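Structure file upload18.tsv (TSV, C-alpha atoms) follows.
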chain	number	residue	atom	x	y	z
A	1	MET	CA	0.00	0.00	0.00
A	2	THR	CA	2.11	2.87	-1.32
A	3	ARG	CA	0.90	6.19	-2.63
A	4	LEU	CA	3.42	8.58	-4.21
A	5	LEU	CA	3.12	11.75	-6.24
A	6	ALA	CA	5.87	12.78	-8.69
A	7	ILE	CA	6.43	16.13	-10.40
A	8	ASP	CA	8.89	17.46	-12.98
A	9	THR	CA	9.27	20.90	-14.59
A	10	ALA	CA	13.05	20.85	-15.14
A	11	THR	CA	13.03	20.73	-18.97
A	12	GLU	CA	10.71	21.78	-21.80
A	13	ALA	CA	8.21	19.17	-20.60
A	14	CYS	CA	5.96	19.56	-17.57
A	15	SER	CA	4.57	16.41	-15.98
A	16	ALA	CA	3.03	14.84	-12.91
A	17	ALA	CA	2.29	11.25	-11.97
A	18	LEU	CA	0.41	9.49	-9.18
A	19	TRP	CA	1.14	5.96	-7.98
A	20	VAL	CA	-1.66	4.40	-5.90
A	21	ASP	CA	-1.12	0.81	-4.84
A	22	GLY	CA	0.40	-0.18	-8.20
A	23	ALA	CA	-1.88	1.92	-10.43
A	24	LEU	CA	-0.17	4.80	-12.25
A	25	SER	CA	-1.89	7.93	-13.59
A	26	CYS	CA	-0.01	10.61	-15.52
A	27	ARG	CA	-0.14	14.10	-16.95
A	28	TYR	CA	2.41	15.33	-19.50
A	29	GLN	CA	2.69	18.41	-21.69
A	30	VAL	CA	5.55	19.90	-23.67
A	31	ALA	CA	5.45	23.63	-22.95
A	32	PRO	CA	8.73	25.56	-22.96
A	33	ARG	CA	7.07	28.23	-20.80
A	34	GLY	CA	4.23	28.30	-18.31
A	35	HIS	CA	5.24	25.39	-16.08
A	36	THR	CA	4.10	27.27	-12.98
A	37	ASP	CA	0.61	27.51	-14.49
A	38	LEU	CA	0.49	23.86	-15.50
A	39	ILE	CA	1.96	21.76	-12.73
A	40	LEU	CA	-0.43	22.44	-9.83
A	41	PRO	CA	-3.58	21.84	-11.95
A	42	MET	CA	-2.01	18.55	-13.07
A	43	VAL	CA	-1.49	17.56	-9.43
A	44	SER	CA	-5.04	18.60	-8.51
A	45	GLU	CA	-6.52	16.60	-11.40
A	46	LEU	CA	-4.62	13.45	-10.50
A	47	LEU	CA	-5.62	13.63	-6.84
A	48	ALA	CA	-9.26	14.40	-7.71
A	49	GLU	CA	-9.47	11.45	-10.10
A	50	ALA	CA	-8.11	9.17	-7.36
A	51	GLY	CA	-10.45	10.66	-4.76
A	52	MET	CA	-7.50	11.53	-2.55
A	53	GLN	CA	-6.14	14.41	-0.52
A	54	LEU	CA	-2.47	15.37	-0.53
A	55	SER	CA	-2.24	14.37	3.13
A	56	GLN	CA	-3.14	10.78	2.23
A	57	LEU	CA	0.08	10.32	0.25
A	58	ASP	CA	3.13	8.50	1.59
A	59	GLY	CA	5.61	10.80	-0.12
A	60	LEU	CA	6.44	13.03	-3.04
A	61	ALA	CA	9.09	12.48	-5.71
A	62	PHE	CA	10.62	15.44	-7.52
A	63	ALA	CA	12.99	15.81	-10.46
A	64	ARG	CA	16.08	17.31	-8.84
A	65	GLY	CA	17.88	18.23	-12.08
A	66	PRO	CA	19.89	18.71	-14.12
A	67	GLY	CA	17.83	20.89	-16.39
A	68	SER	CA	17.11	24.57	-16.86
A	69	PHE	CA	17.92	26.62	-13.76
A	70	THR	CA	14.42	28.10	-13.63
A	71	GLY	CA	12.73	24.76	-14.28
A	72	VAL	CA	14.65	22.98	-11.54
A	73	ARG	CA	13.86	25.79	-9.09
A	74	ILE	CA	10.15	25.57	-9.94
A	75	THR	CA	10.13	21.81	-9.33
A	76	ILE	CA	11.89	21.96	-5.99
A	77	GLY	CA	9.94	24.99	-4.79
A	78	ILE	CA	6.58	23.38	-5.50
A	79	ALA	CA	7.71	20.04	-4.08
A	80	GLN	CA	8.87	21.71	-0.88
A	81	GLY	CA	5.63	23.65	-0.54
A	82	LEU	CA	3.43	20.60	-1.05
A	83	ALA	CA	5.54	18.39	1.21
A	84	PHE	CA	5.77	20.95	4.00
A	85	GLY	CA	2.03	21.58	4.08
A	86	ALA	CA	1.16	17.86	4.12
A	87	ASP	CA	4.17	16.71	6.19
A	88	LEU	CA	5.42	14.36	3.47
A	89	PRO	CA	8.91	12.98	2.86
A	90	LEU	CA	10.58	13.98	-0.41
A	91	TYR	CA	12.50	11.79	-2.84
A	92	GLY	CA	14.77	13.52	-5.36
A	93	VAL	CA	15.49	11.69	-8.61
A	94	SER	CA	17.86	12.74	-11.40
A	95	ASN	CA	16.32	13.95	-14.64
A	96	LEU	CA	18.96	11.97	-16.52
A	97	GLN	CA	17.97	8.84	-14.63
A	98	ALA	CA	14.32	9.50	-15.49
A	99	LEU	CA	15.27	9.74	-19.17
A	100	ALA	CA	17.08	6.40	-18.97
A	101	GLN	CA	14.12	4.86	-17.15
A	102	GLY	CA	11.85	6.16	-19.90
A	103	ALA	CA	14.04	4.56	-22.55
A	104	HIS	CA	13.81	1.25	-20.70
A	105	ARG	CA	10.03	1.61	-20.47
A	106	ALA	CA	9.72	2.40	-24.17
A	107	THR	CA	12.22	-0.06	-25.63
A	108	GLY	CA	13.07	-2.62	-22.96
A	109	CYS	CA	16.76	-1.64	-23.11
A	110	THR	CA	19.00	-2.42	-20.16
A	111	ARG	CA	21.77	0.10	-20.94
A	112	ALA	CA	21.01	3.72	-21.81
A	113	LEU	CA	22.89	6.95	-22.33
A	114	ALA	CA	20.75	9.93	-21.25
A	115	CYS	CA	21.59	13.34	-22.63
A	116	ILE	CA	19.94	16.75	-22.16
A	117	ASP	CA	20.86	19.84	-24.18
A	118	ALA	CA	22.41	22.12	-21.53
A	119	ARG	CA	22.67	25.12	-23.91
A	120	MET	CA	25.87	27.18	-24.28
A	121	GLY	CA	27.36	24.38	-26.40
A	122	GLU	CA	27.20	21.79	-23.61
A	123	ILE	CA	25.23	18.70	-22.65
A	124	TYR	CA	24.18	17.03	-19.43
A	125	VAL	CA	24.96	13.34	-19.85
A	126	GLY	CA	25.00	10.15	-17.80
A	127	GLY	CA	24.98	6.40	-18.45
A	128	TYR	CA	22.69	3.86	-16.77
A	129	ASP	CA	22.36	0.10	-16.39
A	130	LEU	CA	19.18	-1.74	-15.37
A	131	GLU	CA	19.30	-3.25	-11.86
A	132	GLN	CA	16.17	-4.96	-10.53
A	133	GLY	CA	13.89	-2.80	-12.65
A	134	VAL	CA	15.61	0.51	-11.89
A	135	MET	CA	18.02	2.27	-14.24
A	136	THR	CA	21.07	2.81	-12.05
A	137	LEU	CA	24.04	5.13	-12.59
A	138	ALA	CA	26.90	3.40	-14.41
A	139	GLU	CA	28.75	6.36	-15.98
A	140	ALA	CA	28.96	9.57	-13.94
A	141	GLU	CA	26.61	12.44	-14.72
A	142	GLN	CA	28.45	15.49	-16.02
A	143	VAL	CA	28.15	18.70	-17.98
A	144	ILE	CA	30.51	18.70	-20.96
A	145	SER	CA	30.77	19.81	-24.58
A	146	PRO	CA	29.69	17.17	-27.11
A	147	ALA	CA	33.13	17.24	-28.72
A	148	ASP	CA	34.89	16.64	-25.41
A	149	TYR	CA	32.50	13.83	-24.56
A	150	LEU	CA	33.06	12.10	-27.89
A	151	GLU	CA	36.81	12.46	-27.48
A	152	ALA	CA	36.73	11.04	-23.96
A	153	THR	CA	34.52	8.05	-24.83
A	154	THR	CA	35.63	5.85	-27.70
A	155	ALA	CA	33.30	2.82	-27.58
A	156	ALA	CA	29.61	2.62	-28.56
A	157	ARG	CA	28.65	0.64	-25.47
A	158	TRP	CA	25.07	1.83	-24.88
A	159	GLN	CA	21.97	0.17	-26.31
A	160	GLN	CA	19.85	3.29	-26.39
A	161	GLY	CA	20.44	7.03	-26.43
A	162	THR	CA	17.67	9.24	-25.12
A	163	GLY	CA	16.99	12.93	-24.58
A	164	SER	CA	17.16	16.32	-26.26
A	165	GLY	CA	20.95	16.18	-26.46
A	166	PHE	CA	20.71	13.64	-29.27
A	167	VAL	CA	18.39	15.98	-31.18
A	168	SER	CA	20.68	19.00	-30.82
A	169	TYR	CA	23.88	17.03	-31.42
A	170	PRO	CA	23.18	14.10	-33.78
A	171	GLN	CA	26.87	13.13	-33.73
A	172	LEU	CA	26.33	11.70	-30.24
A	173	ALA	CA	24.46	8.81	-31.86
A	174	SER	CA	27.87	7.29	-32.60
A	175	ARG	CA	28.02	6.24	-28.94
A	176	VAL	CA	24.77	4.23	-28.96
A	177	ASP	CA	23.23	1.41	-30.95
A	178	ALA	CA	19.97	3.36	-31.43
A	179	VAL	CA	18.30	6.59	-30.35
A	180	CYS	CA	14.95	6.39	-28.54
A	181	GLU	CA	13.02	9.16	-30.28
A	182	THR	CA	9.84	8.57	-28.27
A	183	VAL	CA	11.36	9.88	-25.01
A	184	PRO	CA	12.86	13.33	-25.80
A	185	PHE	CA	12.28	14.72	-22.30
A	186	PRO	CA	12.07	13.29	-18.77
A	187	GLU	CA	8.61	12.32	-17.52
A	188	ALA	CA	7.36	12.27	-13.94
A	189	ARG	CA	6.17	8.67	-14.23
A	190	ASP	CA	9.76	7.59	-14.79
A	191	LEU	CA	10.78	9.03	-11.42
A	192	MET	CA	8.63	6.38	-9.74
A	193	PRO	CA	10.88	3.27	-9.84
A	194	GLN	CA	13.71	5.02	-7.97
A	195	ALA	CA	11.31	6.88	-5.67
A	196	LEU	CA	9.51	3.66	-4.73
A	197	ARG	CA	12.86	2.01	-3.98
A	198	ASP	CA	13.92	4.97	-1.83
A	199	HIS	CA	10.58	5.00	-0.05
A	200	ALA	CA	10.88	1.31	0.80
A	201	ALA	CA	14.38	1.96	2.15
A	202	GLY	CA	13.23	4.93	4.24
A	203	LEU	CA	15.47	7.39	2.37
A	204	GLY	CA	13.08	10.34	2.24
A	205	VAL	CA	14.18	13.83	3.29
A	206	THR	CA	12.25	16.75	4.73
A	207	ALA	CA	11.21	19.76	2.68
A	208	ALA	CA	14.06	21.77	4.20
A	209	GLN	CA	16.61	19.11	3.24
A	210	ALA	CA	15.61	18.75	-0.42
A	211	GLN	CA	18.35	19.97	-2.75
A	212	PRO	CA	18.57	20.60	-6.51
A	213	VAL	CA	21.38	19.22	-8.69
A	214	TYR	CA	22.51	21.63	-11.39
A	215	LEU	CA	25.85	20.02	-12.45
A	216	ARG	CA	26.86	23.35	-13.96
A	217	ASP	CA	28.45	25.51	-11.26
A	218	LYS	CA	27.70	28.82	-12.90
A	219	VAL	CA	25.98	30.38	-15.87
A	220	THR	CA	27.81	32.83	-18.11
A	221	TRP	CA	25.66	35.83	-18.97
A	222	LYS	CA	26.27	37.84	-22.17
A	223	LYS	CA	26.58	41.55	-21.49
A	224	LEU	CA	24.13	43.60	-23.51
A	225	PRO	CA	25.34	46.76	-25.35
A	226	GLY	CA	25.16	49.82	-23.13
A	227	ARG	CA	24.81	47.72	-19.95
A	228	GLU	CA	27.39	47.55	-17.16

Take the structure in the file and write it out as structure tokens.
Amino acid sequence: MTRLLAIDTATEACSAALWVDGALSCRYQVAPRGHTDLILPMVSELLAEAGMQLSQLDGLAFARGPGSFTGVRITIGIAQGLAFGADLPLYGVSNLQALAQGAHRATGCTRALACIDARMGEIYVGGYDLEQGVMTLAEAEQVISPADYLEATTAARWQQGTGSGFVSYPQLASRVDAVCETVPFPEARDLMPQALRDHAAGLGVTAAQAQPVYLRDKVTWKKLPGRE
């Protein structure tokens, strides 16, 4: 008897999912802007359809990043607000892991390279292997230029590539056997396998303890003409 809510606004996609005793309900919309207007109605719809209140949940999973700075902040801010008000534990899951989990769901692959376009000529990338139904980190997550990544990795050892990084930088396909085009962005439902594992292990944190993961330490801003 486990009931978890998951939310994600860290990339161009906005999504929410509700797990109730093995039944999964989802909302998903690609919308580069307007995540703050979309995510709470998605949560409300899922809870209403299940006839539940937020306080009846066992926990809340959130996409901790990497992704856009604003998107990650929206996710964690809303997750903290919901969890604090209902006294729920939080479970942070990597957006790259969610991408890999989505590739496994869509294709059945057991090895996936997840890649998100990080802008500024860089990618967020990480490799995952399937372990007891959960895509688990096998190659460290990092932010790196596509050229540097291709130079540092010489073997095509991944079954599937997934994520917007493969759309922006098609040359990355040389490191995978195939690209999963049906999962371009992370989805909240793919946070669930890791969140359920963490919940069973009692690894939840409080709202105050929840932390984002940006990977990129800083953002370089371009100075506009006439501005100091």

_Surrounding residues of A:Leu113 excluding itself and chain neighbours under 5 positions, 10 Å, only C-alpha atoms, as a ChimeraX atom specification_ = /A:96-97,99-100,103,125-129,137-139,157-163,166,172-173,175-176,179

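Between atom CA of A:Phe62 and atom CA of A:Ala79 there is a distance of 6.4 Å.
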
*Measuring atom to atom with all atoms listed in the file, identify which of A:Met52, A:Ala63, A:Thr9, A:Leu38 is nearest to A:Asn95.*
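Of A:Met52, A:Ala63, A:Thr9, A:Leu38, the one nearest A:Asn95 is A:Ala63, counting all atoms listed in the file.
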
*Which value, in Å to one decimal, gives the distance between atom CA of A:Ala210 and atom CA of A:Ala106?*
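Between atom CA of A:Ala210 and atom CA of A:Ala106 the gap works out to 29.4 Å.
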
_I'd like the interatomic distance between atom CA of A:Pro184 and atom CA of A:Ser164, to a tenth of an Å._
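Separation between atom CA of A:Pro184 and atom CA of A:Ser164: 5.3 Å.
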
_Please list as a list in words every residue within 6 Å of stretch 188-200 of chain A, counting all atoms listed in the file and excluding residues in the same chain fewer than 4 positions away._
Ala6, Ile7, Asp8, Ser15, Ala16, Ala17, Tyr91, Ala98, Gln101, Gly102 and Val134 of chain A

_Considering only C-alpha atoms, can you say which of A:Arg119, A:Asp217, A:Glu187, A:Thr11 comes closest to A:Cys26?_
A:Glu187

*Radius query 9 Å about (25.0, 20.9, -18.7), atoms used: all atoms listed in the file, as number ranges by chain*: A: 66-68, 116-125, 142-145, 214-216

Would you save the residues of that selection, restricted to C-alpha atoms, as a compact mmCIF listing (two decimals), in the frame of the given file?
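The resulting file, out.txt, is reproduced below:
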# COMPACT_ATOMS: atom_id res chain seq x y z
CA PRO A 66 19.89 18.71 -14.12
CA GLY A 67 17.83 20.89 -16.39
CA SER A 68 17.11 24.57 -16.86
CA ILE A 116 19.94 16.75 -22.16
CA ASP A 117 20.86 19.84 -24.18
CA ALA A 118 22.41 22.12 -21.53
CA ARG A 119 22.67 25.12 -23.91
CA MET A 120 25.87 27.18 -24.28
CA GLY A 121 27.36 24.38 -26.40
CA GLU A 122 27.20 21.79 -23.61
CA ILE A 123 25.23 18.70 -22.65
CA TYR A 124 24.18 17.03 -19.43
CA VAL A 125 24.96 13.34 -19.85
CA GLN A 142 28.45 15.49 -16.02
CA VAL A 143 28.15 18.70 -17.98
CA ILE A 144 30.51 18.70 -20.96
CA SER A 145 30.77 19.81 -24.58
CA TYR A 214 22.51 21.63 -11.39
CA LEU A 215 25.85 20.02 -12.45
CA ARG A 216 26.86 23.35 -13.96

*Select all residues near (-1.2, 2.5, -4.1) (cut-off 7 Å, inclusive, file coordinates), counting only C-alpha atoms, and output them as a PyMOL selection string.*
chain A and resi 1-3+19-23

*asked:* Please determine, counting only C-alpha atoms, which residue among A:Phe69, A:Arg64, A:Leu18, A:Tyr28 has the shortest atom-to-atom distance to A:Glu49.
replied: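 Among the listed residues, A:Leu18 lies closest to A:Glu49.
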
*Considering only C-alpha atoms, state which residue in the set A:Ala61, A:Leu90, A:Ala48, A:Leu5 is at the smallest distance from A:Val205.*
A:Leu90

*asked:* Using all atoms listed in the file for the distances, tell me which of A:Cys115, A:Leu40, A:Ala13, A:Ile74 is nearest to A:Glu141.
replied: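 Closest candidate: A:Cys115.
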
*asked:* Just checking: using all atoms listed in the file, which residue out of A:Leu4, A:Thr206, A:Gly85, A:Ala114 ends up closest to A:Glu181?
replied: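 Of A:Leu4, A:Thr206, A:Gly85, A:Ala114, the one nearest A:Glu181, counting all atoms listed in the file, is A:Ala114.
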
Around stretch 105-121 of chain A, fit a box with edges along x, y and z, padding it by 8 Å on each side, then list its centre and edge lengths in Å to one decimal as AutoDock Vina command-line options.
--center_x 18.5 --center_y 12.3 --center_z -23.3 --size_x 33.6 --size_y 45.8 --size_z 22.2

_Long-range neighbours of A:Ala50 as a ChimeraX atom specification, 9 Å cut-off, only C-alpha atoms, 3 positions minimum in chain_ = /A:18,20,25,45-47,53
